[in-house]
$ cat protein_0.cif   # mmCIF, C-alpha atoms
data_input
#
loop_
_atom_site.group_PDB
_atom_site.id
_atom_site.type_symbol
_atom_site.label_atom_id
_atom_site.label_comp_id
_atom_site.auth_asym_id
_atom_site.auth_seq_id
_atom_site.Cartn_x
_atom_site.Cartn_y
_atom_site.Cartn_z
ATOM 1 C CA MET A 179 -2.978 16.359 -1.093
ATOM 2 C CA GLY A 180 -6.012 14.996 -2.983
ATOM 3 C CA ASN A 181 -4.568 15.509 -6.468
ATOM 4 C CA ASP A 182 -1.107 14.550 -5.214
ATOM 5 C CA ILE A 183 -2.430 11.068 -4.366
ATOM 6 C CA ASP A 184 -3.796 10.751 -7.912
ATOM 7 C CA TYR A 185 -0.450 11.884 -9.314
ATOM 8 C CA LEU A 186 1.378 9.416 -7.063
ATOM 9 C CA ALA A 187 -0.914 6.642 -8.308
ATOM 10 C CA GLN A 188 0.001 7.474 -11.893
ATOM 11 C CA LEU A 189 3.709 7.366 -11.003
ATOM 12 C CA GLN A 190 3.181 4.000 -9.267
ATOM 13 C CA ASP A 191 1.439 2.643 -12.369
ATOM 14 C CA TYR A 192 4.280 3.931 -14.549
ATOM 15 C CA TYR A 193 6.816 2.261 -12.249
ATOM 16 C CA ALA A 194 4.870 -1.033 -12.306
ATOM 17 C CA GLU A 195 4.977 -1.046 -16.098
ATOM 18 C CA HIS A 196 8.542 0.220 -16.688
ATOM 19 C CA ARG A 197 10.366 -0.603 -13.411
ATOM 20 C CA THR A 198 11.795 2.905 -13.344
ATOM 21 C CA LEU A 199 10.455 6.345 -12.547
ATOM 22 C CA PRO A 200 10.030 8.895 -15.334
ATOM 23 C CA SER A 201 12.228 11.962 -15.796
ATOM 24 C CA TYR A 202 10.914 15.370 -14.717
ATOM 25 C CA ALA A 203 10.036 16.164 -18.353
ATOM 26 C CA LEU A 204 8.138 12.902 -18.737
ATOM 27 C CA ILE A 205 6.339 13.480 -15.413
ATOM 28 C CA ALA A 206 5.112 16.819 -16.778
ATOM 29 C CA GLN A 207 3.869 15.081 -19.919
ATOM 30 C CA LEU A 208 2.262 12.160 -18.024
ATOM 31 C CA LEU A 209 0.470 14.351 -15.503
ATOM 32 C CA GLY A 210 -0.436 17.180 -17.890
ATOM 33 C CA PHE A 211 1.691 19.831 -16.160
ATOM 34 C CA LYS A 212 2.573 22.940 -18.166
ATOM 35 C CA SER A 213 5.690 23.924 -16.208
ATOM 36 C CA LYS A 214 8.760 22.264 -14.792
ATOM 37 C CA ASN A 215 8.119 24.221 -11.587
ATOM 38 C CA ALA A 216 4.839 22.302 -11.029
ATOM 39 C CA VAL A 217 6.736 19.013 -11.362
ATOM 40 C CA THR A 218 9.470 20.219 -8.981
ATOM 41 C CA THR A 219 6.833 21.209 -6.399
ATOM 42 C CA LEU A 220 5.026 17.866 -6.658
ATOM 43 C CA VAL A 221 8.261 15.877 -6.423
ATOM 44 C CA ALA A 222 9.341 17.905 -3.377
ATOM 45 C CA LYS A 223 6.002 17.170 -1.640
ATOM 46 C CA LEU A 224 6.215 13.454 -2.449
ATOM 47 C CA LYS A 225 9.819 13.350 -1.203
ATOM 48 C CA LEU A 226 8.850 15.036 2.088
ATOM 49 C CA GLN A 227 6.165 12.408 2.621
ATOM 50 C CA GLY A 228 8.574 9.547 1.860
ATOM 51 C CA PHE A 229 7.002 8.420 -1.421
ATOM 52 C CA LEU A 230 9.928 9.480 -3.614
ATOM 53 C CA ASP A 231 13.669 9.744 -3.073
ATOM 54 C CA SER A 232 16.747 10.634 -5.094
ATOM 55 C CA ALA A 233 19.343 8.132 -6.223
ATOM 56 C CA PRO A 234 23.046 9.125 -5.992
ATOM 57 C CA ASP A 235 22.906 10.103 -9.687
ATOM 58 C CA LYS A 236 20.040 12.520 -8.818
ATOM 59 C CA ARG A 237 17.407 10.464 -10.686
ATOM 60 C CA LEU A 238 14.161 9.700 -8.904
ATOM 61 C CA LYS A 239 13.674 6.390 -7.151
ATOM 62 C CA PRO A 240 10.879 4.944 -5.004
ATOM 63 C CA GLY A 241 10.935 6.164 -1.417
ATOM 64 C CA ALA A 242 10.237 4.137 1.704
ATOM 65 C CA ARG A 243 6.464 4.656 1.386
ATOM 66 C CA PHE A 244 6.200 4.246 -2.407
ATOM 67 C CA PHE A 245 4.963 0.663 -2.188
ATOM 68 C CA GLU A 246 2.423 1.244 0.591
ATOM 69 C CA ARG A 247 -1.088 0.179 -0.279
ATOM 70 C CA PRO A 248 -4.260 1.456 1.378
ATOM 71 C CA ILE A 249 -6.091 -0.728 3.867
ATOM 72 C CA ALA A 250 -9.854 -0.334 3.693
ATOM 73 C CA GLU A 251 -11.488 0.682 6.958
ATOM 74 C CA SER A 252 -13.916 -2.199 6.852
ATOM 75 C CA SER A 253 -13.141 -5.836 6.274
ATOM 76 C CA VAL A 254 -14.932 -8.052 3.807
ATOM 77 C CA ARG A 255 -17.015 -10.989 4.929
ATOM 78 C CA ALA A 256 -16.560 -14.331 3.320
ATOM 79 C CA GLY A 257 -20.077 -15.227 4.461
ATOM 80 C CA LEU A 258 -23.071 -12.896 4.343
ATOM 81 C CA PRO A 259 -22.611 -9.473 2.711
ATOM 82 C CA SER A 260 -21.936 -6.414 4.876
ATOM 83 C CA ALA A 261 -22.232 -2.663 4.326
ATOM 84 C CA VAL A 262 -19.495 -1.063 2.245
ATOM 85 C CA ALA A 263 -17.248 1.662 3.637
ATOM 86 C CA ASP A 264 -14.761 3.104 1.168
ATOM 87 C CA ASN A 265 -12.876 5.160 3.745
ATOM 88 C CA LYS A 266 -9.184 4.417 3.571
ATOM 89 C CA HIS A 267 -7.316 4.937 6.811
ATOM 90 C CA ASP A 268 -4.038 3.162 7.120
ATOM 91 C CA THR A 269 -1.580 1.977 4.556
ATOM 92 C CA ILE A 270 0.709 -0.995 4.515
ATOM 93 C CA SER A 271 3.788 -1.955 2.557
ATOM 94 C CA ILE A 272 3.396 -5.573 1.528
ATOM 95 C CA ASP A 273 7.136 -6.121 1.850
ATOM 96 C CA GLU A 274 7.199 -4.670 5.366
ATOM 97 C CA TYR A 275 4.171 -6.743 6.329
ATOM 98 C CA LEU A 276 5.364 -10.082 4.955
ATOM 99 C CA VAL A 277 9.157 -9.789 4.970
ATOM 100 C CA GLU A 278 10.798 -9.316 8.349
ATOM 101 C CA ARG A 279 14.343 -10.228 7.288
ATOM 102 C CA PRO A 280 14.910 -9.460 3.572
ATOM 103 C CA SER A 281 18.368 -11.072 3.466
ATOM 104 C CA LYS A 282 16.905 -14.347 4.786
ATOM 105 C CA THR A 283 13.687 -14.367 2.768
ATOM 106 C CA MET A 284 12.919 -16.213 -0.459
ATOM 107 C CA LEU A 285 9.818 -16.531 -2.597
ATOM 108 C CA ILE A 286 9.157 -20.106 -3.728
ATOM 109 C CA THR A 287 6.502 -21.237 -6.208
ATOM 110 C CA VAL A 288 4.538 -24.260 -5.040
ATOM 111 C CA LYS A 289 4.223 -27.292 -7.303
ATOM 112 C CA GLY A 290 1.887 -30.139 -6.445
ATOM 113 C CA ASP A 291 -1.262 -30.420 -4.354
ATOM 114 C CA SER A 292 -0.125 -32.017 -1.102
ATOM 115 C CA MET A 293 -0.947 -28.860 0.901
ATOM 116 C CA ILE A 294 -4.348 -27.928 -0.566
ATOM 117 C CA ASP A 295 -6.228 -28.515 2.693
ATOM 118 C CA ALA A 296 -3.960 -25.894 4.289
ATOM 119 C CA GLY A 297 -5.054 -23.459 1.561
ATOM 120 C CA ILE A 298 -1.789 -23.729 -0.377
ATOM 121 C CA LEU A 299 -2.529 -24.440 -4.026
ATOM 122 C CA PRO A 300 -0.301 -25.276 -6.987
ATOM 123 C CA ASP A 301 1.380 -22.112 -8.359
ATOM 124 C CA ASP A 302 0.887 -20.198 -5.101
ATOM 125 C CA VAL A 303 4.001 -18.391 -3.943
ATOM 126 C CA VAL A 304 5.125 -18.975 -0.370
ATOM 127 C CA ILE A 305 7.297 -16.520 1.491
ATOM 128 C CA VAL A 306 9.998 -18.511 3.238
ATOM 129 C CA GLU A 307 12.311 -17.218 5.942
ATOM 130 C CA LYS A 308 15.486 -19.271 5.664
ATOM 131 C CA ARG A 309 16.375 -20.803 9.014
ATOM 132 C CA GLN A 310 17.291 -24.240 10.267
ATOM 133 C CA LEU A 311 15.113 -24.269 13.381
ATOM 134 C CA ALA A 312 11.344 -24.636 13.351
ATOM 135 C CA ASN A 313 8.618 -25.508 15.822
ATOM 136 C CA VAL A 314 6.257 -28.447 15.621
ATOM 137 C CA GLY A 315 3.212 -27.193 13.714
ATOM 138 C CA ASP A 316 5.192 -24.760 11.517
ATOM 139 C CA LEU A 317 4.787 -24.932 7.762
ATOM 140 C CA VAL A 318 8.308 -25.645 6.557
ATOM 141 C CA VAL A 319 10.300 -26.141 3.427
ATOM 142 C CA ALA A 320 12.391 -29.157 4.315
ATOM 143 C CA ILE A 321 15.076 -31.194 2.644
ATOM 144 C CA VAL A 322 14.309 -34.870 3.042
ATOM 145 C CA ASP A 323 16.571 -37.482 1.523
ATOM 146 C CA ASN A 324 18.054 -34.760 -0.731
ATOM 147 C CA GLU A 325 14.665 -33.494 -1.993
ATOM 148 C CA PHE A 326 12.754 -30.293 -1.156
ATOM 149 C CA THR A 327 9.194 -30.501 0.123
ATOM 150 C CA LEU A 328 6.633 -28.179 1.710
ATOM 151 C CA LYS A 329 4.847 -29.743 4.690
ATOM 152 C CA THR A 330 3.838 -29.186 8.311
ATOM 153 C CA LEU A 331 6.534 -30.169 10.802
ATOM 154 C CA GLY A 332 5.381 -32.781 13.307
ATOM 155 C CA LYS A 333 6.837 -35.179 15.826
ATOM 156 C CA GLU A 334 5.982 -38.829 16.429
ATOM 157 C CA LYS A 335 7.730 -41.057 18.958
ATOM 158 C CA GLY A 336 10.489 -38.475 19.404
ATOM 159 C CA GLU A 337 11.233 -38.271 15.669
ATOM 160 C CA PHE A 338 10.419 -35.385 13.342
ATOM 161 C CA VAL A 339 7.932 -36.119 10.555
ATOM 162 C CA LEU A 340 6.323 -34.048 7.816
ATOM 163 C CA TYR A 341 2.556 -33.929 7.466
ATOM 164 C CA PRO A 342 0.840 -33.203 4.166
ATOM 165 C CA ALA A 343 -2.458 -31.318 4.081
ATOM 166 C CA ASN A 344 -4.127 -33.662 1.613
ATOM 167 C CA GLN A 345 -5.343 -37.140 2.558
ATOM 168 C CA ALA A 346 -4.077 -38.517 -0.762
ATOM 169 C CA TYR A 347 -0.503 -38.172 0.513
ATOM 170 C CA PRO A 348 1.239 -40.085 3.313
ATOM 171 C CA THR A 349 3.101 -38.650 6.267
ATOM 172 C CA ILE A 350 6.792 -38.397 5.451
ATOM 173 C CA ARG A 351 8.972 -40.263 7.923
ATOM 174 C CA PRO A 352 12.520 -39.550 6.771
ATOM 175 C CA LYS A 353 14.695 -42.601 6.216
ATOM 176 C CA GLY A 354 17.789 -40.439 6.265
ATOM 177 C CA GLN A 355 18.380 -36.831 7.169
ATOM 178 C CA LEU A 356 15.663 -34.216 7.615
ATOM 179 C CA GLU A 357 16.913 -30.650 7.294
ATOM 180 C CA ILE A 358 14.814 -27.519 7.697
ATOM 181 C CA PHE A 359 15.496 -25.086 4.854
ATOM 182 C CA GLY A 360 13.052 -22.439 6.105
ATOM 183 C CA VAL A 361 9.711 -21.590 7.669
ATOM 184 C CA VAL A 362 6.759 -20.317 5.652
ATOM 185 C CA VAL A 363 5.766 -16.856 6.903
ATOM 186 C CA GLY A 364 3.207 -15.981 4.230
ATOM 187 C CA GLN A 365 1.812 -16.794 0.829
ATOM 188 C CA PHE A 366 0.043 -15.182 -2.082
ATOM 189 C CA ARG A 367 -1.499 -16.053 -5.406
ATOM 190 C CA LYS A 368 -2.486 -14.136 -8.484
ATOM 191 C CA TYR A 369 -5.940 -14.753 -9.902
#
$ encode --input "protein_0.cif" --output "structure tokens"
Amino acid sequence: MGNDIDYLAQLQDYYAEHRTLPSYALIAQLLGFKSKNAVTTLVAKLKLQGFLDSAPDKRLKPGARFFERPIAESSVRAGLPSAVADNKHDTISIDEYLVERPSKTMLITVKGDSMIDAGILPDDVVIVEKRQLANVGDLVVAIVDNEFTLKTLGKEKGEFVLYPANQAYPTIRPKGQLEIFGVVVGQFRKY
């Protein structure tokens, strides 16, 4: 399977660039195969392992495992350096890890710096599960007085409030209605 993983990686890179998988003929060209039979064998192996699948029109499409990414055996310290181990054991699909309910999940780009002390920076993307109920302490996207905001849900004197994570901003005590749009379940940023 060693070479197959390299071939899969090339197909993943192709998909990332073109948002489609190549034809069998193009796979042969991309991977340097001399025969269509070699491509058919590789595709069959990758289908059996769940990396590739066939669309109703018989064209190739990503399989359930296509978007899995390897998890390194060792973690990385944010403090003092540690020994490196490049052994890859498990894999994870980012979607499966971060998105529990796809039909209820949205990605929202953060604007502003009111949550920087919670590690949420401007232009980060938060993964929000749309739901109207949240617990005190949850990071929520709320609608307050007809405006969206990202804050931590709190409670003072029996009333819900929204706490920023930046001392430059005040606690929001809604004058009118406070509605929970969704709960933040993850975030990411591109460097």
$ resolve_selection --input "protein_0.cif" --expression "the PyMOL selection byres ((chain A and resi 183-185) around 12)" --output "tab-separated table (two decimals) with C-alpha atoms, in the frame of the given file"
chain	number	residue	atom	x	y	z
A	179	MET	CA	-2.98	16.36	-1.09
A	180	GLY	CA	-6.01	15.00	-2.98
A	181	ASN	CA	-4.57	15.51	-6.47
A	182	ASP	CA	-1.11	14.55	-5.21
A	186	LEU	CA	1.38	9.42	-7.06
A	187	ALA	CA	-0.91	6.64	-8.31
A	188	GLN	CA	0.00	7.47	-11.89
A	189	LEU	CA	3.71	7.37	-11.00
A	190	GLN	CA	3.18	4.00	-9.27
A	191	ASP	CA	1.44	2.64	-12.37
A	192	TYR	CA	4.28	3.93	-14.55
A	205	ILE	CA	6.34	13.48	-15.41
A	206	ALA	CA	5.11	16.82	-16.78
A	207	GLN	CA	3.87	15.08	-19.92
A	208	LEU	CA	2.26	12.16	-18.02
A	209	LEU	CA	0.47	14.35	-15.50
A	210	GLY	CA	-0.44	17.18	-17.89
A	211	PHE	CA	1.69	19.83	-16.16
A	216	ALA	CA	4.84	22.30	-11.03
A	217	VAL	CA	6.74	19.01	-11.36
A	220	LEU	CA	5.03	17.87	-6.66
A	221	VAL	CA	8.26	15.88	-6.42
A	223	LYS	CA	6.00	17.17	-1.64
A	224	LEU	CA	6.22	13.45	-2.45
A	227	GLN	CA	6.16	12.41	2.62
A	229	PHE	CA	7.00	8.42	-1.42
A	244	PHE	CA	6.20	4.25	-2.41
A	247	ARG	CA	-1.09	0.18	-0.28
A	248	PRO	CA	-4.26	1.46	1.38
$ closest_residue --input "protein_0.cif" --among "A:Gln310, A:Gly297, A:Val318, A:Val361" --to "Asn344 in chain A" --atoms "all atoms listed in the file"
A:Gly297
$ atom_distance --input "protein_0.cif" --atom1 "CA of Leu285 in chain A" --atom2 "CA of Leu199 in chain A"
25.0 Å
$ residues_around --input "protein_0.cif" --residues "range 313-317 of chain A" --least-positions-apart "3" --cutoff "7 Å" --atoms "only C-alpha atoms" --output "PyMOL selection string"
chain A and resi 329-333+361-362
$ atom_distance --input "protein_0.cif" --atom1 "CA of Arg243 in chain A" --atom2 "CA of Ile272 in chain A"
10.7 Å
$ closest_residue --input "protein_0.cif" --among "A:Leu238, A:Ile249, A:Leu226, A:Gly364" --to "Tyr202 in chain A" --atoms "all atoms listed in the file"
A:Leu238
$ residues_around --input "protein_0.cif" --residues "Arg279 in chain A" --least-positions-apart "5" --cutoff "10 Å" --atoms "only C-alpha atoms" --output "list in words"
Asp273, Glu274, Met284, Glu307 and Lys308 of chain A
$ build_atoms --input "protein_0.cif" --residues "range 207-229 of chain A" --atoms "N, CA and C atoms" --output "PDB file, in the coordinates of the input"
ATOM      1  N   GLN A 207       4.686  15.582 -18.811  1.00  0.00           N
ATOM      2  CA  GLN A 207       3.869  15.081 -19.919  1.00  0.00           C
ATOM      3  C   GLN A 207       2.801  14.105 -19.416  1.00  0.00           C
ATOM      4  N   LEU A 208       3.198  13.164 -18.550  1.00  0.00           N
ATOM      5  CA  LEU A 208       2.262  12.160 -18.024  1.00  0.00           C
ATOM      6  C   LEU A 208       1.119  12.789 -17.234  1.00  0.00           C
ATOM      7  N   LEU A 209       1.456  13.772 -16.416  1.00  0.00           N
ATOM      8  CA  LEU A 209       0.470  14.351 -15.503  1.00  0.00           C
ATOM      9  C   LEU A 209      -0.217  15.594 -16.066  1.00  0.00           C
ATOM     10  N   GLY A 210       0.202  16.020 -17.259  1.00  0.00           N
ATOM     11  CA  GLY A 210      -0.436  17.180 -17.890  1.00  0.00           C
ATOM     12  C   GLY A 210      -0.006  18.507 -17.301  1.00  0.00           C
ATOM     13  N   PHE A 211       1.180  18.577 -16.721  1.00  0.00           N
ATOM     14  CA  PHE A 211       1.691  19.831 -16.160  1.00  0.00           C
ATOM     15  C   PHE A 211       2.262  20.695 -17.290  1.00  0.00           C
ATOM     16  N   LYS A 212       2.083  22.003 -17.154  1.00  0.00           N
ATOM     17  CA  LYS A 212       2.573  22.940 -18.166  1.00  0.00           C
ATOM     18  C   LYS A 212       3.982  23.442 -17.850  1.00  0.00           C
ATOM     19  N   SER A 213       4.382  23.365 -16.571  1.00  0.00           N
ATOM     20  CA  SER A 213       5.690  23.924 -16.208  1.00  0.00           C
ATOM     21  C   SER A 213       6.529  22.924 -15.427  1.00  0.00           C
ATOM     22  N   LYS A 214       7.828  23.098 -15.545  1.00  0.00           N
ATOM     23  CA  LYS A 214       8.760  22.264 -14.792  1.00  0.00           C
ATOM     24  C   LYS A 214       8.646  22.582 -13.294  1.00  0.00           C
ATOM     25  N   ASN A 215       8.278  23.806 -12.979  1.00  0.00           N
ATOM     26  CA  ASN A 215       8.119  24.221 -11.587  1.00  0.00           C
ATOM     27  C   ASN A 215       7.023  23.406 -10.896  1.00  0.00           C
ATOM     28  N   ALA A 216       5.931  23.105 -11.607  1.00  0.00           N
ATOM     29  CA  ALA A 216       4.839  22.302 -11.029  1.00  0.00           C
ATOM     30  C   ALA A 216       5.341  20.897 -10.712  1.00  0.00           C
ATOM     31  N   VAL A 217       6.170  20.345 -11.597  1.00  0.00           N
ATOM     32  CA  VAL A 217       6.736  19.013 -11.362  1.00  0.00           C
ATOM     33  C   VAL A 217       7.669  19.059 -10.155  1.00  0.00           C
ATOM     34  N   THR A 218       8.523  20.078 -10.097  1.00  0.00           N
ATOM     35  CA  THR A 218       9.470  20.219  -8.981  1.00  0.00           C
ATOM     36  C   THR A 218       8.729  20.320  -7.651  1.00  0.00           C
ATOM     37  N   THR A 219       7.635  21.061  -7.621  1.00  0.00           N
ATOM     38  CA  THR A 219       6.833  21.209  -6.399  1.00  0.00           C
ATOM     39  C   THR A 219       6.215  19.873  -5.991  1.00  0.00           C
ATOM     40  N   LEU A 220       5.638  19.166  -6.957  1.00  0.00           N
ATOM     41  CA  LEU A 220       5.026  17.866  -6.658  1.00  0.00           C
ATOM     42  C   LEU A 220       6.080  16.888  -6.144  1.00  0.00           C
ATOM     43  N   VAL A 221       7.201  16.804  -6.829  1.00  0.00           N
ATOM     44  CA  VAL A 221       8.261  15.877  -6.423  1.00  0.00           C
ATOM     45  C   VAL A 221       8.742  16.218  -5.016  1.00  0.00           C
ATOM     46  N   ALA A 222       8.896  17.487  -4.718  1.00  0.00           N
ATOM     47  CA  ALA A 222       9.341  17.905  -3.377  1.00  0.00           C
ATOM     48  C   ALA A 222       8.339  17.446  -2.315  1.00  0.00           C
ATOM     49  N   LYS A 223       7.032  17.613  -2.595  1.00  0.00           N
ATOM     50  CA  LYS A 223       6.002  17.170  -1.640  1.00  0.00           C
ATOM     51  C   LYS A 223       6.062  15.656  -1.438  1.00  0.00           C
ATOM     52  N   LEU A 224       6.185  14.916  -2.546  1.00  0.00           N
ATOM     53  CA  LEU A 224       6.215  13.454  -2.449  1.00  0.00           C
ATOM     54  C   LEU A 224       7.494  12.963  -1.764  1.00  0.00           C
ATOM     55  N   LYS A 225       8.581  13.695  -1.914  1.00  0.00           N
ATOM     56  CA  LYS A 225       9.819  13.350  -1.203  1.00  0.00           C
ATOM     57  C   LYS A 225       9.656  13.585   0.300  1.00  0.00           C
ATOM     58  N   LEU A 226       9.065  14.721   0.661  1.00  0.00           N
ATOM     59  CA  LEU A 226       8.850  15.036   2.088  1.00  0.00           C
ATOM     60  C   LEU A 226       7.998  13.978   2.776  1.00  0.00           C
ATOM     61  N   GLN A 227       7.054  13.414   2.046  1.00  0.00           N
ATOM     62  CA  GLN A 227       6.165  12.408   2.621  1.00  0.00           C
ATOM     63  C   GLN A 227       6.735  10.992   2.519  1.00  0.00           C
ATOM     64  N   GLY A 228       7.915  10.844   1.915  1.00  0.00           N
ATOM     65  CA  GLY A 228       8.574   9.547   1.860  1.00  0.00           C
ATOM     66  C   GLY A 228       8.169   8.663   0.685  1.00  0.00           C
ATOM     67  N   PHE A 229       7.413   9.214  -0.272  1.00  0.00           N
ATOM     68  CA  PHE A 229       7.002   8.420  -1.421  1.00  0.00           C
ATOM     69  C   PHE A 229       8.071   8.357  -2.507  1.00  0.00           C
TER      70      PHE A 229
END
